[in-house]
Each structure stands twice: as C-alpha cells, then as structure tokens.
Amino acid sequence: MKIVFMGTPEFAVPTFEMLADSPWTLQAVFTTPDKPRDRMETIPTPIGDRAERLGLPLYKFPSLKKDDRGLTVLRDLAPDAIVVVAYGRLLPPPILAVPPLGCVNLHPSLLPRHRGPSPVPAALLAGEETTGVTTMLLDEGMDTGPILLQEEVAVLPEDNAETLSARLAVLGAGLMRRTLKGLEAGTLTPRPQDESRATTCKLLEREDGGVHWEDPAQVIHNKVRAFTPWPGSHTTLHGKRLKILEGRPFPEAKAEAPPGTILQVRARGIDVATGKGIYQVTTVKLEGKNACPVAVFICGHRIIPGEIWL
C-alpha cells in the first residue's frame, strides 16, 4: 500500500514513526511551512524535522486550496491512502478524491464529541473521565466524516493537556495501524456520525487563559489542566502575570471571603477563595521567571492573606 502522510505537531509524530517503520510505502510527507526563529533562521515542524532526517520527499505548501501544486504532486504519486494527523489545513475536494482508500484522519476525541481544533483541552474543560481517539474518513466538513475505528481511554486525575495529548498520540498510532490494515483488507465499514451527539470546540487564544475566581474551584481546576502548557491559566500578582501550572480543588470547602481572596499561604500551597469552594495553587510561574513550586515561590515573594488576586 502506498501512503502519503500529512501532519505537523508532536501529536502526529507517533503515527508518522509507525508508518516509517511499517511495510507500507511512505511516498511523501506534507507539513506546514517552517516558523521563523529570527530574521535569518526558521524552525521546522516536528514532522518536517523527522521527515528531513529520513530523507523523505517533503512538501510545505502554505495552502492546498489556493495552490494547485499539492494536488499535482498527489496525482503524480497516486497514493492508495492519505493519512492525516493534525495537519492544520483543510483538504479541498479534489485532494479528498485522490486516494481510492480515502483520506484517513486521526482525531483525539470520541467523535462526534469535540469536533474542532482543540479536542483535548475541551475534554479536560468539561471534566470528562474518559476520552479517546477516532479514525475517520475526511469529507468537506470539520471532523464530520464517517467513523472507522475508535478506542477509549481514562482521563487520569493528574492529566493536563500536554500529558493527555501524549498518551492519545501513542494510542492513536496503534489505532491508525489497525485502521489501515482493515482498509487494505476491505474489512472496515465506515459508519456515519450521530449528529444529535455532536459538539464543537474552538481554537484556543491567549486571552482564554485568564482565571475567573468567581467560578467554582472545580471549574478553575479543569481550566488549569486544560490550558497547560498553552495558553496557560493566569492571574495577576502585584501587577504581573502569574501563571498557575498546578493546583488542587476543594469544592466543598467554605470560603468566607470574596472570590480571589488569599486565605492561607503555606509551603504546600496558596489557598484562594472561589465562587464555590477553595482552590489551592501548588505550582506557579511569574512573568519573566522560571516555574517553581509554591514552597520555593513564597520564599522570594511576599503573599499576604487577605489580598485579592484578579
């Protein structure tokens, strides 16, 4: 089977490595253009870097809709399947029509839940105890194509978006292998998604990370987990942005103070009043400084019970 791979970030690496080590023919790799590091240097994507190391044909078209070169390359290669993992570009209908086995996408959610660009943070924001990975055939919609295979996994209490994404990436590589074997053998039957269960998530932006202390402690905790490492959850300390990297909620604790009020300052954490319960901040990063546990942070910064974080 001849395969073209399309992917960009670290999440796509396990599937790329699976294909590179498989008996299938990896004909070429598509990724997004390098990002500028400075005026003289650029940074390749994680997939681009690995493809270059292996000497694979690599294409970095800014657009597949406005630029026909990608379509020309794919028609010349005539792959049996195109595997797409977090490529970052929608594929136009002429490209979707190229491979006879279809454009097979790996999505880090149990579709139709959390369609869109940030499904892992979305699962954490929702406080879900399980999530998973889905392989599907791409169509013209956003994650709306028919499902091929799915695998569920537990969301661990200590998971954040970074750790959960890493586990889903490895799980997804195995699921993609089984999917391609099934497509090659003709044993998989795509099934339509249940539109009545569909939810969508948006692209995260930097301003999404602000902590609203009037929210319940559990909601704040979900947000801290969902937005680590990016865009990060933050509050304001003495006029500077303070990122909250880790903490723990006490949703049933009583806080007789306005939301955002510092209740206690101890080496194990800073207790903050919320709209419902108390949130204990345990790891922080002050603007311009390194991340550190609260036990270290309070040695160099005066945090006074009764002051209010915004």
# chains A, B, ... in the order shown; residues from 1 in each chain; ligands from 1
call {"tool": "residues_around", "arguments": {"residues": "A:Glu256", "least_positions_apart": "4", "cutoff": "12 Å", "atoms": "only C-alpha atoms", "output": "number ranges by chain"}}
result
A: 260-263, 272-278, 306
call {"tool": "residues_around", "arguments": {"residues": "A:Ser109", "least_positions_apart": "5", "cutoff": "7 Å", "atoms": "only C-alpha atoms", "output": "PyMOL selection string"}}
result
chain A and resi 114+119+131-134
call {"tool": "select_by_dssp", "arguments": {"residues": "stretch 89-187 of chain A", "states": "strand (DSSP E or B)", "output": "PDB file with N, CA and C atoms, in the first residue's frame"}}
result
ATOM      1  N   CYS A 103      -8.907   9.660   2.513  1.00  0.00           N
ATOM      2  CA  CYS A 103      -8.021  10.434   3.391  1.00  0.00           C
ATOM      3  C   CYS A 103      -8.412  10.087   4.817  1.00  0.00           C
ATOM      4  N   VAL A 104      -7.517   9.397   5.516  1.00  0.00           N
ATOM      5  CA  VAL A 104      -7.826   8.824   6.828  1.00  0.00           C
ATOM      6  C   VAL A 104      -7.256   9.732   7.909  1.00  0.00           C
ATOM      7  N   ASN A 105      -8.128  10.248   8.749  1.00  0.00           N
ATOM      8  CA  ASN A 105      -7.744  11.210   9.776  1.00  0.00           C
ATOM      9  C   ASN A 105      -7.761  10.576  11.163  1.00  0.00           C
ATOM     10  N   LEU A 106      -6.791  10.974  11.991  1.00  0.00           N
ATOM     11  CA  LEU A 106      -6.787  10.588  13.403  1.00  0.00           C
ATOM     12  C   LEU A 106      -7.199  11.805  14.217  1.00  0.00           C
ATOM     13  N   HIS A 107      -8.243  11.667  15.017  1.00  0.00           N
ATOM     14  CA  HIS A 107      -8.761  12.778  15.819  1.00  0.00           C
ATOM     15  C   HIS A 107      -8.738  12.391  17.298  1.00  0.00           C
ATOM     16  N   ARG A 115     -15.628  17.964  18.086  1.00  0.00           N
ATOM     17  CA  ARG A 115     -15.112  18.298  16.764  1.00  0.00           C
ATOM     18  C   ARG A 115     -14.398  19.649  16.851  1.00  0.00           C
ATOM     19  N   THR A 130     -13.439  10.072  30.738  1.00  0.00           N
ATOM     20  CA  THR A 130     -12.925   9.259  29.633  1.00  0.00           C
ATOM     21  C   THR A 130     -12.891  10.109  28.364  1.00  0.00           C
ATOM     22  N   THR A 131     -11.968   9.760  27.498  1.00  0.00           N
ATOM     23  CA  THR A 131     -11.921  10.347  26.157  1.00  0.00           C
ATOM     24  C   THR A 131     -11.361   9.258  25.253  1.00  0.00           C
ATOM     25  N   GLY A 132     -10.776   9.617  24.138  1.00  0.00           N
ATOM     26  CA  GLY A 132     -10.253   8.580  23.270  1.00  0.00           C
ATOM     27  C   GLY A 132      -9.774   9.121  21.949  1.00  0.00           C
ATOM     28  N   VAL A 133      -9.588   8.221  21.003  1.00  0.00           N
ATOM     29  CA  VAL A 133      -9.139   8.575  19.654  1.00  0.00           C
ATOM     30  C   VAL A 133     -10.069   7.936  18.636  1.00  0.00           C
ATOM     31  N   THR A 134     -10.169   8.613  17.495  1.00  0.00           N
ATOM     32  CA  THR A 134     -11.052   8.159  16.419  1.00  0.00           C
ATOM     33  C   THR A 134     -10.304   8.219  15.099  1.00  0.00           C
ATOM     34  N   THR A 135     -10.445   7.176  14.281  1.00  0.00           N
ATOM     35  CA  THR A 135     -10.027   7.280  12.883  1.00  0.00           C
ATOM     36  C   THR A 135     -11.284   7.428  12.042  1.00  0.00           C
ATOM     37  N   MET A 136     -11.185   8.291  11.035  1.00  0.00           N
ATOM     38  CA  MET A 136     -12.355   8.619  10.230  1.00  0.00           C
ATOM     39  C   MET A 136     -11.920   8.948   8.814  1.00  0.00           C
ATOM     40  N   LEU A 137     -12.837   8.900   7.891  1.00  0.00           N
ATOM     41  CA  LEU A 137     -12.593   9.340   6.522  1.00  0.00           C
ATOM     42  C   LEU A 137     -12.953  10.815   6.424  1.00  0.00           C
ATOM     43  N   ILE A 147     -16.959   7.442  10.645  1.00  0.00           N
ATOM     44  CA  ILE A 147     -16.013   6.854  11.604  1.00  0.00           C
ATOM     45  C   ILE A 147     -15.577   5.471  11.131  1.00  0.00           C
ATOM     46  N   LEU A 148     -14.288   5.184  11.313  1.00  0.00           N
ATOM     47  CA  LEU A 148     -13.749   3.860  11.002  1.00  0.00           C
ATOM     48  C   LEU A 148     -13.557   3.042  12.270  1.00  0.00           C
ATOM     49  N   LEU A 149     -12.697   3.520  13.184  1.00  0.00           N
ATOM     50  CA  LEU A 149     -12.460   2.834  14.453  1.00  0.00           C
ATOM     51  C   LEU A 149     -12.344   3.862  15.573  1.00  0.00           C
ATOM     52  N   GLN A 150     -12.600   3.418  16.817  1.00  0.00           N
ATOM     53  CA  GLN A 150     -12.425   4.261  17.997  1.00  0.00           C
ATOM     54  C   GLN A 150     -11.842   3.446  19.136  1.00  0.00           C
ATOM     55  N   GLU A 151     -11.108   4.136  20.005  1.00  0.00           N
ATOM     56  CA  GLU A 151     -10.595   3.497  21.219  1.00  0.00           C
ATOM     57  C   GLU A 151     -10.683   4.490  22.369  1.00  0.00           C
ATOM     58  N   GLU A 152     -11.207   4.016  23.489  1.00  0.00           N
ATOM     59  CA  GLU A 152     -11.438   4.856  24.662  1.00  0.00           C
ATOM     60  C   GLU A 152     -10.296   4.729  25.654  1.00  0.00           C
ATOM     61  N   VAL A 153     -10.056   5.796  26.420  1.00  0.00           N
ATOM     62  CA  VAL A 153      -9.017   5.780  27.445  1.00  0.00           C
ATOM     63  C   VAL A 153      -9.489   6.638  28.607  1.00  0.00           C
ATOM     64  N   ALA A 154      -9.056   6.292  29.825  1.00  0.00           N
ATOM     65  CA  ALA A 154      -9.418   7.069  31.007  1.00  0.00           C
ATOM     66  C   ALA A 154      -8.624   8.368  31.055  1.00  0.00           C
TER      67      ALA A 154
END
call {"tool": "residues_around", "arguments": {"residues": "A:Gly141", "least_positions_apart": "4", "cutoff": "10 Å", "atoms": "only C-alpha atoms", "output": "PyMOL selection string"}}
result
chain A and resi 90-91+145
call {"tool": "residues_around", "arguments": {"residues": "stretch 17-33 of chain A", "least_positions_apart": "5", "cutoff": "7 Å", "atoms": "only C-alpha atoms", "output": "CSV table (one decimal) with N, CA and C atoms, in the first residue's frame"}}
result
chain,number,residue,atom,x,y,z
A,1,MET,N,0.8,-1.2,0.0
A,1,MET,CA,0.0,0.0,0.0
A,1,MET,C,0.9,1.3,0.0
A,2,LYS,N,0.5,2.2,-0.9
A,2,LYS,CA,1.3,3.5,-0.9
A,2,LYS,C,0.5,4.5,-0.1
A,3,ILE,N,1.3,5.2,0.7
A,3,ILE,CA,0.7,6.2,1.6
A,3,ILE,C,1.4,7.5,1.6
A,4,VAL,N,0.7,8.6,1.6
A,4,VAL,CA,1.2,10.0,1.8
A,4,VAL,C,0.8,10.4,3.2
A,5,PHE,N,1.7,11.0,4.0
A,5,PHE,CA,1.4,11.4,5.3
A,5,PHE,C,1.3,12.9,5.4
A,6,MET,N,0.3,13.4,6.1
A,6,MET,CA,0.1,14.9,6.3
A,6,MET,C,0.0,15.1,7.8
A,7,GLY,N,0.9,15.9,8.4
A,7,GLY,CA,0.9,16.2,9.8
A,7,GLY,C,1.9,17.3,10.1
A,8,THR,N,1.7,17.8,11.3
A,8,THR,CA,2.6,19.0,11.7
A,8,THR,C,3.2,18.9,13.1
A,47,ILE,N,7.2,17.2,12.5
A,47,ILE,CA,7.1,16.2,11.4
A,47,ILE,C,8.1,16.6,10.3
A,48,GLY,N,8.2,17.8,10.0
A,48,GLY,CA,9.2,18.2,8.9
A,48,GLY,C,10.6,17.8,9.3
A,51,ALA,N,11.0,14.0,8.9
A,51,ALA,CA,11.0,13.6,7.5
A,51,ALA,C,12.3,14.0,6.8
A,56,LEU,N,12.9,11.7,3.4
A,56,LEU,CA,11.7,11.5,2.6
A,56,LEU,C,11.3,12.8,1.8
A,57,PRO,N,10.7,12.6,0.7
A,57,PRO,CA,10.2,13.8,0.0
A,57,PRO,C,9.2,14.6,0.9
A,58,LEU,N,9.5,15.9,1.0
A,58,LEU,CA,8.8,16.7,2.0
A,58,LEU,C,8.2,18.0,1.3
A,59,TYR,N,7.0,18.3,1.5
A,59,TYR,CA,6.3,19.4,0.9
A,59,TYR,C,5.7,20.3,2.0
A,60,LYS,N,5.9,21.6,1.8
A,60,LYS,CA,5.5,22.6,2.8
A,60,LYS,C,4.6,23.7,2.2
A,61,PHE,N,3.6,23.3,1.5
A,61,PHE,CA,2.7,24.3,0.8
A,61,PHE,C,1.9,25.1,1.9
A,62,PRO,N,1.9,26.4,1.8
A,62,PRO,CA,1.2,27.3,2.7
A,62,PRO,C,-0.3,27.0,2.6
A,87,TYR,N,-2.8,18.1,10.7
A,87,TYR,CA,-2.0,18.7,9.6
A,87,TYR,C,-2.2,20.2,9.7
A,173,ALA,N,-1.6,6.1,17.2
A,173,ALA,CA,-0.8,5.4,16.2
A,173,ALA,C,-1.1,4.0,16.1
call {"tool": "residues_around", "arguments": {"residues": "stretch 227-239 of chain A", "least_positions_apart": "3", "cutoff": "10 Å", "atoms": "only C-alpha atoms", "output": "JSON list (two decimals) with C-alpha atoms, in the first residue's frame"}}
result
[["chain", "number", "residue", "atom", "x", "y", "z"],
["A", 120, "VAL", "CA", -8.02, 17.53, 24.27],
["A", 121, "PRO", "CA", -8.42, 20.80, 26.22],
["A", 122, "ALA", "CA", -12.16, 20.58, 25.58],
["A", 124, "LEU", "CA", -10.48, 18.47, 30.29],
["A", 125, "LEU", "CA", -12.55, 21.66, 30.47],
["A", 159, "ASP", "CA", -3.58, 14.70, 33.43],
["A", 160, "ASN", "CA", -3.21, 18.06, 31.75],
["A", 161, "ALA", "CA", -3.48, 18.82, 28.03],
["A", 162, "GLU", "CA", 0.19, 18.00, 27.46],
["A", 163, "THR", "CA", 0.24, 14.61, 29.20],
["A", 204, "LEU", "CA", -7.68, 28.48, 21.85],
["A", 205, "GLU", "CA", -6.38, 32.02, 22.13],
["A", 206, "ARG", "CA", -4.03, 33.65, 24.62],
["A", 207, "GLU", "CA", -6.77, 35.62, 26.34],
["A", 208, "ASP", "CA", -8.70, 32.42, 27.13],
["A", 209, "GLY", "CA", -6.25, 31.68, 29.94],
["A", 210, "GLY", "CA", -7.45, 34.29, 32.46],
["A", 211, "VAL", "CA", -8.67, 32.72, 35.72],
["A", 212, "HIS", "CA", -12.08, 33.91, 36.90],
["A", 213, "TRP", "CA", -12.06, 33.37, 40.64],
["A", 220, "ILE", "CA", -10.85, 26.55, 37.75],
["A", 221, "HIS", "CA", -9.02, 23.25, 38.23],
["A", 222, "ASN", "CA", -10.33, 21.92, 34.92],
["A", 223, "LYS", "CA", -9.18, 25.10, 33.22],
["A", 224, "VAL", "CA", -5.67, 24.90, 34.69],
["A", 242, "LEU", "CA", 1.24, 34.80, 37.38],
["A", 243, "LYS", "CA", 0.70, 31.51, 35.58],
["A", 244, "ILE", "CA", -0.90, 28.74, 37.62],
["A", 245, "LEU", "CA", 0.56, 25.46, 36.43],
["A", 246, "GLU", "CA", -0.80, 23.06, 39.04],
["A", 260, "GLY", "CA", -9.85, 35.73, 44.56],
["A", 284, "VAL", "CA", 3.37, 28.78, 39.55],
["A", 285, "LYS", "CA", 5.38, 30.78, 37.05],
["A", 286, "LEU", "CA", 5.71, 34.53, 37.45],
["A", 287, "GLU", "CA", 6.11, 36.61, 34.31],
["A", 301, "HIS", "CA", 7.70, 36.83, 47.06],
["A", 302, "ARG", "CA", 5.51, 38.24, 49.80],
["A", 303, "ILE", "CA", 2.00, 36.82, 49.56],
["A", 307, "GLU", "CA", -5.04, 40.34, 49.40],
["A", 308, "ILE", "CA", -7.08, 39.67, 46.28],
["A", 309, "TRP", "CA", -5.86, 38.17, 43.02],
["A", 310, "LEU", "CA", -7.56, 39.43, 39.88]]
call {"tool": "residues_around", "arguments": {"residues": "A:Ala166", "least_positions_apart": "5", "cutoff": "10 Å", "atoms": "only C-alpha atoms", "output": "PDB file with N, CA and C atoms, in the first residue's frame"}}
result
ATOM      1  N   GLU A  10       3.865  17.671  17.418  1.00  0.00           N
ATOM      2  CA  GLU A  10       4.341  16.484  18.135  1.00  0.00           C
ATOM      3  C   GLU A  10       3.281  15.397  18.196  1.00  0.00           C
ATOM      4  N   PHE A  11       2.015  15.789  18.283  1.00  0.00           N
ATOM      5  CA  PHE A  11       0.947  14.795  18.357  1.00  0.00           C
ATOM      6  C   PHE A  11       0.982  13.842  17.167  1.00  0.00           C
ATOM      7  N   ALA A  12       1.456  14.314  16.020  1.00  0.00           N
ATOM      8  CA  ALA A  12       1.470  13.494  14.807  1.00  0.00           C
ATOM      9  C   ALA A  12       2.669  12.557  14.726  1.00  0.00           C
ATOM     10  N   VAL A  13       3.655  12.753  15.593  1.00  0.00           N
ATOM     11  CA  VAL A  13       4.918  12.012  15.473  1.00  0.00           C
ATOM     12  C   VAL A  13       4.751  10.499  15.650  1.00  0.00           C
ATOM     13  N   PRO A  14       4.044   9.992  16.684  1.00  0.00           N
ATOM     14  CA  PRO A  14       3.930   8.535  16.797  1.00  0.00           C
ATOM     15  C   PRO A  14       3.321   7.857  15.576  1.00  0.00           C
ATOM     16  N   ALA A 161      -3.375  18.960  29.483  1.00  0.00           N
ATOM     17  CA  ALA A 161      -3.482  18.822  28.032  1.00  0.00           C
ATOM     18  C   ALA A 161      -2.222  18.213  27.423  1.00  0.00           C
ATOM     19  N   LEU A 171      -1.651   6.088  21.582  1.00  0.00           N
ATOM     20  CA  LEU A 171      -2.829   5.246  21.373  1.00  0.00           C
ATOM     21  C   LEU A 171      -3.318   5.363  19.934  1.00  0.00           C
ATOM     22  N   GLY A 172      -3.302   6.587  19.412  1.00  0.00           N
ATOM     23  CA  GLY A 172      -3.787   6.827  18.059  1.00  0.00           C
ATOM     24  C   GLY A 172      -2.940   6.172  16.988  1.00  0.00           C
TER      25      GLY A 172
END
call {"tool": "select_by_dssp", "arguments": {"residues": "stretch 35-168 of chain A", "states": "helix (DSSP H, G or I)", "output": "number ranges by chain"}}
result
A: 46-54, 69-77, 93-96, 119-125, 161-168
call {"tool": "atom_distance", "arguments": {"atom1": "atom CA of A:Ala295", "atom2": "atom CA of A:Arg268"}}
result
6.3 Å
call {"tool": "atom_distance", "arguments": {"atom1": "atom CA of A:Ala123", "atom2": "atom CA of A:Arg197"}}
result
14.5 Å
call {"tool": "closest_residue", "arguments": {"among": "A:Leu110, A:Ile82, A:Leu168, A:Leu71", "to": "A:Pro94", "atoms": "only C-alpha atoms"}}
result
A:Leu71
call {"tool": "residues_around", "arguments": {"residues": "A:Ala267", "least_positions_apart": "4", "cutoff": "8 Å", "atoms": "only C-alpha atoms", "output": "short mmCIF file (atom, residue, chain, number, x, y, z; two decimals) with N, CA and C atoms, in the first residue's frame"}}
result
data_model
loop_
_atom_site.label_atom_id
_atom_site.label_comp_id
_atom_site.auth_asym_id
_atom_site.auth_seq_id
_atom_site.Cartn_x
_atom_site.Cartn_y
_atom_site.Cartn_z
N VAL A 294 5.12 26.29 44.92
CA VAL A 294 4.79 27.40 45.81
C VAL A 294 5.76 27.48 46.99
N ALA A 295 6.23 26.33 47.48
CA ALA A 295 7.17 26.34 48.61
C ALA A 295 8.41 27.17 48.30
N VAL A 296 8.85 27.15 47.04
CA VAL A 296 10.01 27.95 46.63
C VAL A 296 9.58 29.38 46.34
N ILE A 298 7.18 31.32 47.54
CA ILE A 298 6.87 32.21 48.65
C ILE A 298 8.11 32.63 49.44
#
call {"tool": "closest_residue", "arguments": {"among": "A:Asp215, A:Pro112, A:Gln193, A:Pro100", "to": "A:Pro258", "atoms": "only C-alpha atoms"}}
result
A:Asp215
call {"tool": "decode", "arguments": {"residues": "stretch 190-295 of chain A", "atoms": "C-alpha atoms", "output": "mmCIF file, in the first residue's frame"}}
result
data_model
loop_
_atom_site.group_PDB
_atom_site.id
_atom_site.type_symbol
_atom_site.label_atom_id
_atom_site.label_comp_id
_atom_site.auth_asym_id
_atom_site.auth_seq_id
_atom_site.Cartn_x
_atom_site.Cartn_y
_atom_site.Cartn_z
ATOM 1 C CA PRO A 190 -17.356 3.363 7.713
ATOM 2 C CA ARG A 191 -20.324 4.461 9.825
ATOM 3 C CA PRO A 192 -21.873 7.928 9.861
ATOM 4 C CA GLN A 193 -21.547 10.100 12.934
ATOM 5 C CA ASP A 194 -24.562 10.667 15.160
ATOM 6 C CA GLU A 195 -25.253 14.357 14.592
ATOM 7 C CA SER A 196 -27.519 14.535 17.652
ATOM 8 C CA ARG A 197 -24.456 13.934 19.876
ATOM 9 C CA ALA A 198 -22.095 16.335 18.103
ATOM 10 C CA THR A 199 -20.257 19.090 19.977
ATOM 11 C CA THR A 200 -17.628 21.501 18.704
ATOM 12 C CA CYS A 201 -14.644 23.266 20.266
ATOM 13 C CA LYS A 202 -12.901 26.460 19.246
ATOM 14 C CA LEU A 203 -9.298 27.379 18.581
ATOM 15 C CA LEU A 204 -7.682 28.475 21.847
ATOM 16 C CA GLU A 205 -6.377 32.017 22.128
ATOM 17 C CA ARG A 206 -4.026 33.645 24.617
ATOM 18 C CA GLU A 207 -6.773 35.616 26.345
ATOM 19 C CA ASP A 208 -8.699 32.424 27.130
ATOM 20 C CA GLY A 209 -6.254 31.684 29.944
ATOM 21 C CA GLY A 210 -7.448 34.294 32.456
ATOM 22 C CA VAL A 211 -8.672 32.724 35.723
ATOM 23 C CA HIS A 212 -12.083 33.909 36.896
ATOM 24 C CA TRP A 213 -12.059 33.372 40.641
ATOM 25 C CA GLU A 214 -15.854 33.683 40.812
ATOM 26 C CA ASP A 215 -16.005 30.325 39.023
ATOM 27 C CA PRO A 216 -16.273 27.180 41.182
ATOM 28 C CA ALA A 217 -12.984 25.640 42.318
ATOM 29 C CA GLN A 218 -13.552 22.542 40.167
ATOM 30 C CA VAL A 219 -14.091 24.664 37.051
ATOM 31 C CA ILE A 220 -10.854 26.550 37.749
ATOM 32 C CA HIS A 221 -9.024 23.251 38.235
ATOM 33 C CA ASN A 222 -10.330 21.920 34.921
ATOM 34 C CA LYS A 223 -9.179 25.099 33.216
ATOM 35 C CA VAL A 224 -5.666 24.899 34.685
ATOM 36 C CA ARG A 225 -5.340 21.326 33.431
ATOM 37 C CA ALA A 226 -6.852 22.091 30.017
ATOM 38 C CA PHE A 227 -4.659 25.131 29.356
ATOM 39 C CA THR A 228 -1.330 23.575 30.357
ATOM 40 C CA PRO A 229 1.003 24.135 28.571
ATOM 41 C CA TRP A 230 -0.832 26.668 26.362
ATOM 42 C CA PRO A 231 -2.237 29.268 26.645
ATOM 43 C CA GLY A 232 -1.699 28.789 30.362
ATOM 44 C CA SER A 233 -4.047 29.814 33.164
ATOM 45 C CA HIS A 234 -3.068 33.087 34.786
ATOM 46 C CA THR A 235 -3.983 35.621 37.423
ATOM 47 C CA THR A 236 -2.361 38.924 38.414
ATOM 48 C CA LEU A 237 0.123 39.316 41.278
ATOM 49 C CA HIS A 238 1.419 42.798 42.115
ATOM 50 C CA GLY A 239 0.786 43.950 38.556
ATOM 51 C CA LYS A 240 2.483 40.968 36.909
ATOM 52 C CA ARG A 241 1.024 37.919 35.205
ATOM 53 C CA LEU A 242 1.245 34.803 37.383
ATOM 54 C CA LYS A 243 0.700 31.508 35.584
ATOM 55 C CA ILE A 244 -0.903 28.741 37.618
ATOM 56 C CA LEU A 245 0.555 25.459 36.430
ATOM 57 C CA GLU A 246 -0.797 23.062 39.038
ATOM 58 C CA GLY A 247 -3.233 23.047 41.893
ATOM 59 C CA ARG A 248 -5.994 21.111 43.581
ATOM 60 C CA PRO A 249 -9.661 21.945 44.175
ATOM 61 C CA PHE A 250 -11.565 21.691 47.432
ATOM 62 C CA PRO A 251 -15.082 22.179 46.066
ATOM 63 C CA GLU A 252 -16.902 21.621 49.345
ATOM 64 C CA ALA A 253 -14.683 23.843 51.490
ATOM 65 C CA LYS A 254 -16.242 27.041 52.819
ATOM 66 C CA ALA A 255 -14.545 30.315 51.918
ATOM 67 C CA GLU A 256 -15.923 33.255 53.895
ATOM 68 C CA ALA A 257 -14.301 35.828 51.623
ATOM 69 C CA PRO A 258 -14.805 37.305 48.141
ATOM 70 C CA PRO A 259 -13.547 35.220 45.192
ATOM 71 C CA GLY A 260 -9.850 35.734 44.562
ATOM 72 C CA THR A 261 -9.021 36.381 48.205
ATOM 73 C CA ILE A 262 -5.856 34.738 49.550
ATOM 74 C CA LEU A 263 -6.931 32.674 52.543
ATOM 75 C CA GLN A 264 -3.756 30.873 53.610
ATOM 76 C CA VAL A 265 -0.145 30.804 52.444
ATOM 77 C CA ARG A 266 1.737 27.593 53.187
ATOM 78 C CA ALA A 267 4.569 25.620 51.648
ATOM 79 C CA ARG A 268 2.115 23.048 50.304
ATOM 80 C CA GLY A 269 0.043 25.691 48.522
ATOM 81 C CA ILE A 270 -1.722 29.033 48.430
ATOM 82 C CA ASP A 271 -5.428 28.734 49.248
ATOM 83 C CA VAL A 272 -7.645 31.062 47.214
ATOM 84 C CA ALA A 273 -11.368 31.677 47.653
ATOM 85 C CA THR A 274 -13.514 30.893 44.619
ATOM 86 C CA GLY A 275 -17.173 31.186 43.721
ATOM 87 C CA LYS A 276 -17.691 27.734 45.230
ATOM 88 C CA GLY A 277 -15.016 26.122 47.342
ATOM 89 C CA ILE A 278 -11.284 26.769 47.650
ATOM 90 C CA TYR A 279 -8.576 26.328 45.052
ATOM 91 C CA GLN A 280 -5.076 25.540 46.320
ATOM 92 C CA VAL A 281 -2.344 26.740 43.965
ATOM 93 C CA THR A 282 0.746 24.499 44.143
ATOM 94 C CA THR A 283 2.991 25.344 41.148
ATOM 95 C CA VAL A 284 3.367 28.778 39.554
ATOM 96 C CA LYS A 285 5.383 30.783 37.047
ATOM 97 C CA LEU A 286 5.712 34.529 37.447
ATOM 98 C CA GLU A 287 6.109 36.611 34.313
ATOM 99 C CA GLY A 288 9.786 36.584 33.310
ATOM 100 C CA LYS A 289 10.703 33.885 35.845
ATOM 101 C CA ASN A 290 11.022 30.097 35.896
ATOM 102 C CA ALA A 291 8.265 27.769 37.025
ATOM 103 C CA CYS A 292 8.545 26.595 40.628
ATOM 104 C CA PRO A 293 6.569 25.009 43.473
ATOM 105 C CA VAL A 294 4.790 27.398 45.814
ATOM 106 C CA ALA A 295 7.175 26.339 48.613
#
